[in-house]
file work26.cif (mmCIF, C-alpha atoms)
data_protein
loop_
_atom_site.group_PDB
_atom_site.id
_atom_site.type_symbol
_atom_site.label_atom_id
_atom_site.label_comp_id
_atom_site.auth_asym_id
_atom_site.auth_seq_id
_atom_site.Cartn_x
_atom_site.Cartn_y
_atom_site.Cartn_z
ATOM 1 C CA MET A 203 26.084 -5.051 4.847
ATOM 2 C CA ASP A 204 26.856 -6.821 8.132
ATOM 3 C CA ASP A 205 23.532 -5.584 9.490
ATOM 4 C CA TYR A 206 21.655 -7.648 6.877
ATOM 5 C CA ALA A 207 22.502 -11.229 7.738
ATOM 6 C CA GLY A 208 18.993 -12.661 7.515
ATOM 7 C CA ARG A 209 17.060 -14.346 4.729
ATOM 8 C CA VAL A 210 17.238 -13.176 1.123
ATOM 9 C CA LEU A 211 14.016 -12.420 -0.760
ATOM 10 C CA ALA A 212 13.738 -12.839 -4.536
ATOM 11 C CA ASP A 213 17.480 -13.606 -4.673
ATOM 12 C CA ARG A 214 17.978 -9.880 -4.220
ATOM 13 C CA TYR A 215 16.735 -8.274 -0.998
ATOM 14 C CA ARG A 216 18.713 -9.237 2.089
ATOM 15 C CA LEU A 217 16.838 -8.847 5.389
ATOM 16 C CA PRO A 218 18.271 -8.281 8.868
ATOM 17 C CA LEU A 219 18.046 -10.963 11.489
ATOM 18 C CA PRO A 220 14.670 -10.648 13.234
ATOM 19 C CA PRO A 221 14.662 -9.814 16.949
ATOM 20 C CA SER A 222 14.331 -12.828 19.185
ATOM 21 C CA ASP A 223 10.922 -11.687 20.430
ATOM 22 C CA GLU A 224 9.421 -11.358 16.940
ATOM 23 C CA TYR A 225 8.258 -14.283 14.850
ATOM 24 C CA GLU A 226 7.826 -12.391 11.558
ATOM 25 C CA LEU A 227 8.976 -9.068 10.205
ATOM 26 C CA THR A 228 5.966 -7.284 8.758
ATOM 27 C CA GLU A 229 7.929 -4.134 7.890
ATOM 28 C CA THR A 230 11.688 -3.804 7.876
ATOM 29 C CA CYS A 231 14.659 -2.291 6.129
ATOM 30 C CA ALA A 232 16.476 -4.458 3.617
ATOM 31 C CA PHE A 233 19.582 -4.263 1.448
ATOM 32 C CA ASP A 234 19.091 -4.408 -2.312
ATOM 33 C CA THR A 235 22.092 -6.374 -3.572
ATOM 34 C CA TYR A 236 21.407 -5.232 -7.151
ATOM 35 C CA SER A 237 21.441 -1.475 -6.575
ATOM 36 C CA GLY A 238 23.474 -1.409 -3.369
ATOM 37 C CA GLN A 239 20.799 0.722 -1.683
ATOM 38 C CA GLU A 240 18.713 0.241 1.417
ATOM 39 C CA VAL A 241 14.982 -0.217 0.801
ATOM 40 C CA LEU A 242 11.851 -0.780 2.867
ATOM 41 C CA VAL A 243 10.128 -4.156 2.627
ATOM 42 C CA ARG A 244 6.542 -4.723 3.737
ATOM 43 C CA GLN A 245 5.022 -8.162 4.183
ATOM 44 C CA VAL A 246 1.381 -9.009 3.476
ATOM 45 C CA PRO A 247 0.598 -12.563 4.680
ATOM 46 C CA LEU A 248 -1.342 -14.605 2.148
ATOM 47 C CA PRO A 249 -4.322 -16.759 3.193
ATOM 48 C CA GLU A 250 -3.598 -20.408 3.701
ATOM 49 C CA VAL A 251 -5.385 -22.867 1.424
ATOM 50 C CA VAL A 252 -6.123 -26.235 2.997
ATOM 51 C CA GLU A 253 -6.782 -29.044 0.528
ATOM 52 C CA ALA A 254 -8.324 -32.402 1.302
ATOM 53 C CA GLU A 255 -5.871 -35.273 0.677
ATOM 54 C CA VAL A 256 -6.513 -38.947 0.011
ATOM 55 C CA LEU A 257 -4.381 -41.343 2.024
ATOM 56 C CA ASP A 258 -2.907 -44.395 0.351
ATOM 57 C CA ALA A 259 -2.607 -47.883 1.820
ATOM 58 C CA GLU A 260 0.475 -46.879 3.830
ATOM 59 C CA GLY A 261 -1.351 -43.992 5.458
ATOM 60 C CA LEU A 262 0.580 -41.364 3.480
ATOM 61 C CA PRO A 263 -1.014 -38.631 1.380
ATOM 62 C CA ASP A 264 -1.464 -39.699 -2.209
ATOM 63 C CA GLY A 265 1.660 -38.782 -4.187
ATOM 64 C CA PHE A 266 4.030 -39.111 -1.227
ATOM 65 C CA THR A 267 6.391 -41.971 -0.478
ATOM 66 C CA ALA A 268 8.755 -42.581 2.396
ATOM 67 C CA ARG A 269 11.634 -42.448 -0.079
ATOM 68 C CA ASP A 270 10.522 -38.984 -1.188
ATOM 69 C CA GLY A 271 11.184 -37.750 2.305
ATOM 70 C CA GLY A 272 7.849 -35.952 2.442
ATOM 71 C CA VAL A 273 8.139 -34.171 -0.935
ATOM 72 C CA ARG A 274 5.103 -34.436 -3.160
ATOM 73 C CA ARG A 275 5.964 -35.708 -6.622
ATOM 74 C CA GLY A 276 5.103 -33.393 -9.488
ATOM 75 C CA VAL A 277 4.735 -30.273 -7.300
ATOM 76 C CA PRO A 278 7.572 -27.768 -7.784
ATOM 77 C CA GLY A 279 9.160 -25.963 -4.869
ATOM 78 C CA PRO A 280 9.091 -22.211 -4.335
ATOM 79 C CA ALA A 281 10.138 -20.284 -7.414
ATOM 80 C CA ARG A 282 13.570 -18.698 -7.155
ATOM 81 C CA GLY A 283 13.647 -14.961 -7.433
ATOM 82 C CA GLY A 284 10.093 -14.518 -6.169
ATOM 83 C CA THR A 285 6.888 -14.922 -8.159
ATOM 84 C CA ARG A 286 5.505 -11.857 -9.868
ATOM 85 C CA ARG A 287 2.680 -13.725 -11.588
ATOM 86 C CA PRO A 288 1.547 -16.512 -9.227
ATOM 87 C CA ALA A 289 -0.573 -19.389 -10.470
ATOM 88 C CA ASP A 290 -3.167 -18.914 -7.731
ATOM 89 C CA PRO A 291 -5.724 -16.427 -9.153
ATOM 90 C CA VAL A 292 -6.364 -14.797 -5.761
ATOM 91 C CA VAL A 293 -2.671 -14.175 -5.140
ATOM 92 C CA ARG A 294 -2.179 -13.080 -8.736
ATOM 93 C CA ARG A 295 -4.925 -10.459 -8.415
ATOM 94 C CA ALA A 296 -3.312 -9.155 -5.222
ATOM 95 C CA VAL A 297 0.095 -8.873 -6.896
ATOM 96 C CA GLU A 298 -1.409 -7.155 -9.953
ATOM 97 C CA ALA A 299 -3.373 -4.721 -7.754
ATOM 98 C CA ALA A 300 -0.225 -3.723 -5.857
ATOM 99 C CA GLN A 301 1.711 -3.409 -9.119
ATOM 100 C CA ALA A 302 -1.002 -1.144 -10.541
ATOM 101 C CA ALA A 303 -0.774 1.079 -7.460
ATOM 102 C CA ALA A 304 3.010 1.184 -7.867
ATOM 103 C CA ALA A 305 2.607 2.433 -11.459
ATOM 104 C CA ILE A 306 1.288 5.833 -10.343
ATOM 105 C CA PRO A 307 3.792 8.518 -11.458
ATOM 106 C CA ASP A 308 6.264 9.676 -8.835
ATOM 107 C CA HIS A 309 5.221 12.570 -6.638
ATOM 108 C CA PRO A 310 6.999 14.227 -3.684
ATOM 109 C CA ARG A 311 4.019 13.497 -1.420
ATOM 110 C CA LEU A 312 3.874 9.764 -2.279
ATOM 111 C CA ASP A 313 6.432 7.047 -1.618
ATOM 112 C CA GLN A 314 7.827 5.065 -4.553
ATOM 113 C CA VAL A 315 7.209 1.317 -4.848
ATOM 114 C CA PHE A 316 9.993 -0.530 -6.651
ATOM 115 C CA ASP A 317 8.959 -4.175 -6.653
ATOM 116 C CA VAL A 318 6.047 -6.503 -5.808
ATOM 117 C CA PHE A 319 6.276 -10.291 -5.639
ATOM 118 C CA ALA A 320 5.000 -13.360 -3.787
ATOM 119 C CA GLU A 321 7.334 -15.685 -1.949
ATOM 120 C CA GLY A 322 7.158 -18.005 1.029
ATOM 121 C CA GLY A 323 3.429 -17.641 1.655
ATOM 122 C CA SER A 324 3.545 -13.835 1.697
ATOM 123 C CA LEU A 325 3.278 -10.936 -0.677
ATOM 124 C CA TRP A 326 6.224 -8.556 -0.453
ATOM 125 C CA ILE A 327 6.203 -4.874 -1.411
ATOM 126 C CA VAL A 328 9.561 -3.124 -1.808
ATOM 127 C CA SER A 329 9.577 0.676 -1.642
ATOM 128 C CA GLU A 330 11.980 3.525 -1.050
ATOM 129 C CA LEU A 331 13.404 3.969 2.420
ATOM 130 C CA VAL A 332 12.278 7.442 3.454
ATOM 131 C CA PRO A 333 14.081 9.268 6.293
ATOM 132 C CA ALA A 334 10.874 9.743 8.229
ATOM 133 C CA ARG A 335 8.841 8.616 11.203
ATOM 134 C CA PRO A 336 5.220 7.509 11.197
ATOM 135 C CA LEU A 337 2.787 10.085 12.486
ATOM 136 C CA ALA A 338 1.808 7.549 15.145
ATOM 137 C CA ALA A 339 5.311 7.729 16.662
ATOM 138 C CA LEU A 340 5.141 11.514 16.912
ATOM 139 C CA LEU A 341 1.665 11.468 18.419
ATOM 140 C CA ALA A 342 2.864 8.977 21.031
ATOM 141 C CA GLU A 343 5.371 11.563 22.248
ATOM 142 C CA GLU A 344 3.154 14.650 22.255
ATOM 143 C CA PRO A 345 0.097 16.036 20.457
ATOM 144 C CA LEU A 346 0.600 18.202 17.392
ATOM 145 C CA SER A 347 0.033 21.917 17.638
ATOM 146 C CA PRO A 348 -2.923 23.228 15.610
ATOM 147 C CA TYR A 349 -0.549 24.839 13.120
ATOM 148 C CA ARG A 350 1.496 21.666 12.618
ATOM 149 C CA ALA A 351 -1.681 19.614 12.297
ATOM 150 C CA ALA A 352 -2.854 21.963 9.540
ATOM 151 C CA GLU A 353 0.449 21.502 7.704
ATOM 152 C CA VAL A 354 0.216 17.712 7.959
ATOM 153 C CA ALA A 355 -3.375 17.742 6.749
ATOM 154 C CA SER A 356 -2.439 19.995 3.821
ATOM 155 C CA ASP A 357 0.295 17.610 2.648
ATOM 156 C CA VAL A 358 -1.991 14.600 2.988
ATOM 157 C CA LEU A 359 -4.681 16.374 0.953
ATOM 158 C CA ALA A 360 -2.106 17.177 -1.734
ATOM 159 C CA ALA A 361 -1.203 13.481 -1.936
ATOM 160 C CA LEU A 362 -4.864 12.491 -2.141
ATOM 161 C CA ARG A 363 -5.466 14.943 -4.981
ATOM 162 C CA VAL A 364 -2.767 13.187 -6.987
ATOM 163 C CA LEU A 365 -4.273 9.757 -6.313
ATOM 164 C CA HIS A 366 -7.802 10.908 -7.137
ATOM 165 C CA ALA A 367 -6.545 12.450 -10.375
ATOM 166 C CA HIS A 368 -5.442 8.951 -11.405
ATOM 167 C CA GLY A 369 -8.731 7.386 -10.309
ATOM 168 C CA TRP A 370 -7.448 5.787 -7.095
ATOM 169 C CA VAL A 371 -9.128 5.841 -3.694
ATOM 170 C CA HIS A 372 -6.780 5.443 -0.708
ATOM 171 C CA ARG A 373 -8.506 3.274 1.887
ATOM 172 C CA ASN A 374 -5.476 2.721 4.082
ATOM 173 C CA ILE A 375 -4.885 6.136 5.666
ATOM 174 C CA THR A 376 -3.800 5.719 9.277
ATOM 175 C CA ALA A 377 -1.345 7.355 11.639
ATOM 176 C CA ARG A 378 1.162 4.712 10.481
ATOM 177 C CA THR A 379 0.806 5.349 6.750
ATOM 178 C CA VAL A 380 1.351 9.106 7.149
ATOM 179 C CA LEU A 381 5.112 9.687 7.282
ATOM 180 C CA VAL A 382 6.656 12.859 8.712
ATOM 181 C CA CYS A 383 10.064 13.347 7.091
ATOM 182 C CA ASP A 384 13.133 14.695 8.829
ATOM 183 C CA ASP A 385 12.917 17.873 6.734
ATOM 184 C CA GLY A 386 9.330 18.514 7.885
ATOM 185 C CA ARG A 387 7.409 17.475 4.766
ATOM 186 C CA VAL A 388 4.766 14.776 4.944
ATOM 187 C CA MET A 389 4.379 11.750 2.676
ATOM 188 C CA LEU A 390 1.550 9.282 2.268
ATOM 189 C CA THR A 391 2.253 5.576 1.935
ATOM 190 C CA GLY A 392 0.316 2.309 2.181
ATOM 191 C CA LEU A 393 -1.566 2.455 -1.127
ATOM 192 C CA ALA A 394 0.013 -0.683 -2.602
ATOM 193 C CA VAL A 395 -0.435 -2.627 0.637
ATOM 194 C CA GLY A 396 -4.067 -1.555 0.904
ATOM 195 C CA ALA A 397 -4.713 -2.483 -2.740
ATOM 196 C CA ALA A 398 -3.240 -5.953 -2.206
ATOM 197 C CA GLU A 399 -5.289 -6.521 0.953
ATOM 198 C CA GLU A 400 -8.484 -5.401 -0.798
ATOM 199 C CA ALA A 401 -7.798 -7.786 -3.685
ATOM 200 C CA LEU A 402 -7.247 -10.646 -1.223
ATOM 201 C CA CYS A 403 -10.673 -9.866 0.265
ATOM 202 C CA GLY A 404 -12.332 -10.176 -3.144
ATOM 203 C CA TYR A 405 -12.553 -6.486 -4.068
ATOM 204 C CA ASP A 406 -11.112 -4.792 -7.145
ATOM 205 C CA PRO A 407 -9.300 -1.617 -6.042
ATOM 206 C CA VAL A 408 -7.800 -0.853 -9.465
ATOM 207 C CA PRO A 409 -9.543 2.063 -11.222
ATOM 208 C CA PRO A 410 -11.262 1.186 -14.507
ATOM 209 C CA PRO A 411 -9.826 2.359 -17.835
ATOM 210 C CA ASP A 412 -10.524 5.920 -18.903
ATOM 211 C CA ASP A 413 -13.207 4.823 -21.376
ATOM 212 C CA GLU A 414 -15.256 3.403 -18.488
ATOM 213 C CA GLU A 415 -14.972 6.538 -16.332
ATOM 214 C CA PRO A 416 -18.089 8.270 -17.766
ATOM 215 C CA GLU A 417 -20.211 5.307 -16.693
ATOM 216 C CA ARG A 418 -18.857 5.555 -13.141
ATOM 217 C CA THR A 419 -19.513 9.303 -13.053
ATOM 218 C CA SER A 420 -23.041 8.801 -14.334
ATOM 219 C CA GLY A 421 -23.731 6.189 -11.678
ATOM 220 C CA ALA A 422 -22.401 8.485 -8.956
ATOM 221 C CA LEU A 423 -24.669 11.312 -10.100
ATOM 222 C CA GLU A 424 -27.687 9.019 -10.151
ATOM 223 C CA ALA A 425 -26.924 8.019 -6.563
ATOM 224 C CA LEU A 426 -27.383 11.662 -5.540
ATOM 225 C CA GLY A 427 -31.044 11.494 -6.585
ATOM 226 C CA PRO A 428 -33.042 13.514 -9.104
ATOM 227 C CA ALA A 429 -32.316 17.181 -9.631
ATOM 228 C CA ALA A 430 -34.725 19.752 -8.220
ATOM 229 C CA PRO A 431 -37.273 21.116 -10.713
ATOM 230 C CA ALA A 432 -36.557 24.463 -12.328
ATOM 231 C CA GLY A 433 -37.787 27.315 -10.144
ATOM 232 C CA ALA A 434 -37.774 25.231 -6.982
ATOM 233 C CA PRO A 435 -36.046 26.719 -3.905
ATOM 234 C CA ASP A 436 -33.237 24.144 -4.102
ATOM 235 C CA ALA A 437 -32.803 24.293 -7.885
ATOM 236 C CA GLY A 438 -29.185 24.581 -8.931
ATOM 237 C CA ARG A 439 -27.859 23.451 -5.551
ATOM 238 C CA GLY A 440 -25.658 20.439 -5.111
ATOM 239 C CA PRO A 441 -25.516 18.093 -2.116
ATOM 240 C CA SER A 442 -26.152 19.750 1.220
ATOM 241 C CA TRP A 443 -23.144 20.601 3.384
ATOM 242 C CA PRO A 444 -22.915 20.724 7.187
ATOM 243 C CA PRO A 445 -23.198 24.169 8.800
ATOM 244 C CA GLY A 446 -19.974 26.103 8.475
ATOM 245 C CA PHE A 447 -18.786 24.157 5.399
ATOM 246 C CA THR A 448 -18.947 25.373 1.813
ATOM 247 C CA PHE A 449 -18.153 23.681 -1.469
ATOM 248 C CA ASP A 450 -15.049 24.870 -3.294
ATOM 249 C CA PRO A 451 -15.012 23.669 -6.920
ATOM 250 C CA ASP A 452 -11.254 24.228 -7.159
ATOM 251 C CA PRO A 453 -9.751 23.545 -3.719
ATOM 252 C CA ASP A 454 -6.262 24.770 -2.950
ATOM 253 C CA PRO A 455 -4.329 22.029 -1.100
ATOM 254 C CA ASP A 456 -1.759 24.563 0.157
ATOM 255 C CA ALA A 457 -4.303 26.937 1.677
ATOM 256 C CA ALA A 458 -4.075 25.369 5.128
ATOM 257 C CA ARG A 459 -0.258 25.545 5.055
ATOM 258 C CA ARG A 460 -0.277 29.234 4.093
ATOM 259 C CA ALA A 461 -2.847 29.989 6.781
ATOM 260 C CA ALA A 462 -0.678 28.288 9.382
ATOM 261 C CA ILE A 463 2.402 30.237 8.297
ATOM 262 C CA GLU A 464 0.504 33.530 8.355
ATOM 263 C CA ALA A 465 -0.872 32.733 11.827
ATOM 264 C CA ARG A 466 2.632 32.121 13.139
ATOM 265 C CA ALA A 467 3.769 35.488 11.765
#

call {"tool": "encode", "arguments": {"input": "work26.cif", "output": "structure tokens"}}
result
Amino acid sequence: MDDYAGRVLADRYRLPLPPSDEYELTETCAFDTYSGQEVLVRQVPLPEVVEAEVLDAEGLPDGFTARDGGVRRGVPGPARGGTRRPADPVVRRAVEAAQAAAAIPDHPRLDQVFDVFAEGGSLWIVSELVPARPLAALLAEEPLSPYRAAEVASDVLAALRVLHAHGWVHRNITARTVLVCDDGRVMLTGLAVGAAEEALCGYDPVPPPDDEEPERTSGALEALGPAAPAGAPDAGRGPSWPPGFTFDPDPDPDAARRAAIEARA
């Protein structure tokens, strides 16, 4: 507990003191005072909104007085405990997008997100603290062997299959969002952060309800163009694939891992 002597978020998550050479902590461990467990907290800075103000006769912004000490009358301060439904529609959409990503059922290849809220001009995403290192840290030390790279890719594909089964598209896959655990397994993270950032940019990353899925599928098929006429040389073929690649209608995400193990033997 002595290691977490910094600020407290949402009246619950106690942060460590930031290093003297860092202005903000974008990703750090924290202590959850409710559960007594360590968690991982990620910060997504929110865009600043600059509003035009009308100055009064004393040269102060309208609604301020010298007696107020610079506090605008009628404007509440930051909400205690964090804000999970902000008044600003842009911030609210970002929070709701991250919360929707956090609602995906737990899976051993995906990290769990526990809480999402806005506080102090930032959006905060609280997730489990995984005993792992980012793939970027491992690659900085030495390149992966072909067999280990195949294992990592297999685990990432397994995680993506789970996300795609729930209609999500992960657009935040980097060497930092791929975690290599101490026991060798690989986990994928960053979905909630990516969803919040997309929402802040005006996009809607949340998959539509199931009743709208047929319309999306129909639109995707139309984008492929008209089907070849019956009897034509290309009739019955799907999209073309690069040389050496074939389409597998039921891919096995563990095939690469088994191939790597067999090659080692």

call {"tool": "resolve_selection", "arguments": {"input": "work26.cif", "expression": "the PyMOL selection byres ((chain A and resi 310-321) around 9)", "output": "PDB file with C-alpha atoms, in the frame of the given file"}}
result
ATOM      1  CA  LEU A 211      14.016 -12.420  -0.760  1.00  0.00           C
ATOM      2  CA  ALA A 212      13.738 -12.839  -4.536  1.00  0.00           C
ATOM      3  CA  VAL A 241      14.982  -0.217   0.801  1.00  0.00           C
ATOM      4  CA  LEU A 248      -1.342 -14.605   2.148  1.00  0.00           C
ATOM      5  CA  PRO A 280       9.091 -22.211  -4.335  1.00  0.00           C
ATOM      6  CA  ALA A 281      10.138 -20.284  -7.414  1.00  0.00           C
ATOM      7  CA  ARG A 282      13.570 -18.698  -7.155  1.00  0.00           C
ATOM      8  CA  GLY A 283      13.647 -14.961  -7.433  1.00  0.00           C
ATOM      9  CA  GLY A 284      10.093 -14.518  -6.169  1.00  0.00           C
ATOM     10  CA  THR A 285       6.888 -14.922  -8.159  1.00  0.00           C
ATOM     11  CA  ARG A 286       5.505 -11.857  -9.868  1.00  0.00           C
ATOM     12  CA  ARG A 287       2.680 -13.725 -11.588  1.00  0.00           C
ATOM     13  CA  PRO A 288       1.547 -16.512  -9.227  1.00  0.00           C
ATOM     14  CA  VAL A 293      -2.671 -14.175  -5.140  1.00  0.00           C
ATOM     15  CA  ARG A 294      -2.179 -13.080  -8.736  1.00  0.00           C
ATOM     16  CA  VAL A 297       0.095  -8.873  -6.896  1.00  0.00           C
ATOM     17  CA  GLU A 298      -1.409  -7.155  -9.953  1.00  0.00           C
ATOM     18  CA  ALA A 300      -0.225  -3.723  -5.857  1.00  0.00           C
ATOM     19  CA  GLN A 301       1.711  -3.409  -9.119  1.00  0.00           C
ATOM     20  CA  ALA A 303      -0.774   1.079  -7.460  1.00  0.00           C
ATOM     21  CA  ALA A 304       3.010   1.184  -7.867  1.00  0.00           C
ATOM     22  CA  ALA A 305       2.607   2.433 -11.459  1.00  0.00           C
ATOM     23  CA  ILE A 306       1.288   5.833 -10.343  1.00  0.00           C
ATOM     24  CA  PRO A 307       3.792   8.518 -11.458  1.00  0.00           C
ATOM     25  CA  ASP A 308       6.264   9.676  -8.835  1.00  0.00           C
ATOM     26  CA  HIS A 309       5.221  12.570  -6.638  1.00  0.00           C
ATOM     27  CA  GLY A 322       7.158 -18.005   1.029  1.00  0.00           C
ATOM     28  CA  GLY A 323       3.429 -17.641   1.655  1.00  0.00           C
ATOM     29  CA  SER A 324       3.545 -13.835   1.697  1.00  0.00           C
ATOM     30  CA  LEU A 325       3.278 -10.936  -0.677  1.00  0.00           C
ATOM     31  CA  TRP A 326       6.224  -8.556  -0.453  1.00  0.00           C
ATOM     32  CA  ILE A 327       6.203  -4.874  -1.411  1.00  0.00           C
ATOM     33  CA  VAL A 328       9.561  -3.124  -1.808  1.00  0.00           C
ATOM     34  CA  SER A 329       9.577   0.676  -1.642  1.00  0.00           C
ATOM     35  CA  GLU A 330      11.980   3.525  -1.050  1.00  0.00           C
ATOM     36  CA  LEU A 331      13.404   3.969   2.420  1.00  0.00           C
ATOM     37  CA  VAL A 332      12.278   7.442   3.454  1.00  0.00           C
ATOM     38  CA  ASP A 357       0.295  17.610   2.648  1.00  0.00           C
ATOM     39  CA  VAL A 358      -1.991  14.600   2.988  1.00  0.00           C
ATOM     40  CA  ALA A 360      -2.106  17.177  -1.734  1.00  0.00           C
ATOM     41  CA  ALA A 361      -1.203  13.481  -1.936  1.00  0.00           C
ATOM     42  CA  LEU A 362      -4.864  12.491  -2.141  1.00  0.00           C
ATOM     43  CA  VAL A 364      -2.767  13.187  -6.987  1.00  0.00           C
ATOM     44  CA  ARG A 387       7.409  17.475   4.766  1.00  0.00           C
ATOM     45  CA  VAL A 388       4.766  14.776   4.944  1.00  0.00           C
ATOM     46  CA  MET A 389       4.379  11.750   2.676  1.00  0.00           C
ATOM     47  CA  LEU A 390       1.550   9.282   2.268  1.00  0.00           C
ATOM     48  CA  THR A 391       2.253   5.576   1.935  1.00  0.00           C
ATOM     49  CA  GLY A 392       0.316   2.309   2.181  1.00  0.00           C
ATOM     50  CA  ALA A 394       0.013  -0.683  -2.602  1.00  0.00           C
TER      51      ALA A 394
END

call {"tool": "atom_distance", "arguments": {"input": "work26.cif", "atom1": "CA of Gly386 in chain A", "atom2": "CA of Glu353 in chain A"}}
result
9.4 Å

call {"tool": "axis_aligned_box", "arguments": {"input": "work26.cif", "around": "range 379-396 of chain A", "padding_each_side": "8 Å", "output": "JSON"}}
result
{"center_x": 4.5, "center_y": 7.9, "center_z": 3.1, "size_x": 33.2, "size_y": 37.1, "size_z": 27.4}

call {"tool": "closest_residue", "arguments": {"input": "work26.cif", "among": "A:Ala339, A:Leu242, A:Ala232, A:Val395", "to": "Ala377 in chain A", "atoms": "all atoms listed in the file"}}
result
A:Ala339

call {"tool": "residues_around", "arguments": {"input": "work26.cif", "residues": "Asp406 in chain A", "least_positions_apart": "3", "cutoff": "8 Å", "atoms": "all atoms listed in the file", "output": "short mmCIF file (atom, residue, chain, number, x, y, z; two decimals) with C-alpha atoms, keeping the file's coordinate frame"}}
result
data_model
loop_
_atom_site.label_atom_id
_atom_site.label_comp_id
_atom_site.auth_asym_id
_atom_site.auth_seq_id
_atom_site.Cartn_x
_atom_site.Cartn_y
_atom_site.Cartn_z
CA ALA A 299 -3.37 -4.72 -7.75
CA GLU A 400 -8.48 -5.40 -0.80
CA ALA A 401 -7.80 -7.79 -3.68
#

call {"tool": "closest_residue", "arguments": {"input": "work26.cif", "among": "A:Val382, A:Leu365, A:Ala207, A:Val292", "to": "Arg335 in chain A", "atoms": "all atoms listed in the file"}}
result
A:Val382

call {"tool": "closest_residue", "arguments": {"input": "work26.cif", "among": "A:Arg378, A:Tyr206, A:Ala398, A:Ser356", "to": "Ala342 in chain A", "atoms": "all atoms listed in the file"}}
result
A:Arg378

call {"tool": "atom_distance", "arguments": {"input": "work26.cif", "atom1": "CA of Pro249 in chain A", "atom2": "CA of Pro291 in chain A"}}
result
12.4 Å

call {"tool": "atom_distance", "arguments": {"input": "work26.cif", "atom1": "CA of Val210 in chain A", "atom2": "CA of Leu381 in chain A"}}
result
26.6 Å

call {"tool": "closest_residue", "arguments": {"input": "work26.cif", "among": "A:Pro348, A:Pro333, A:Pro409, A:Gly369", "to": "Asp384 in chain A", "atoms": "all atoms listed in the file"}}
result
A:Pro333

call {"tool": "closest_residue", "arguments": {"input": "work26.cif", "among": "A:Ala289, A:Val380, A:Gly404, A:Ala397", "to": "Leu341 in chain A", "atoms": "all atoms listed in the file"}}
result
A:Val380
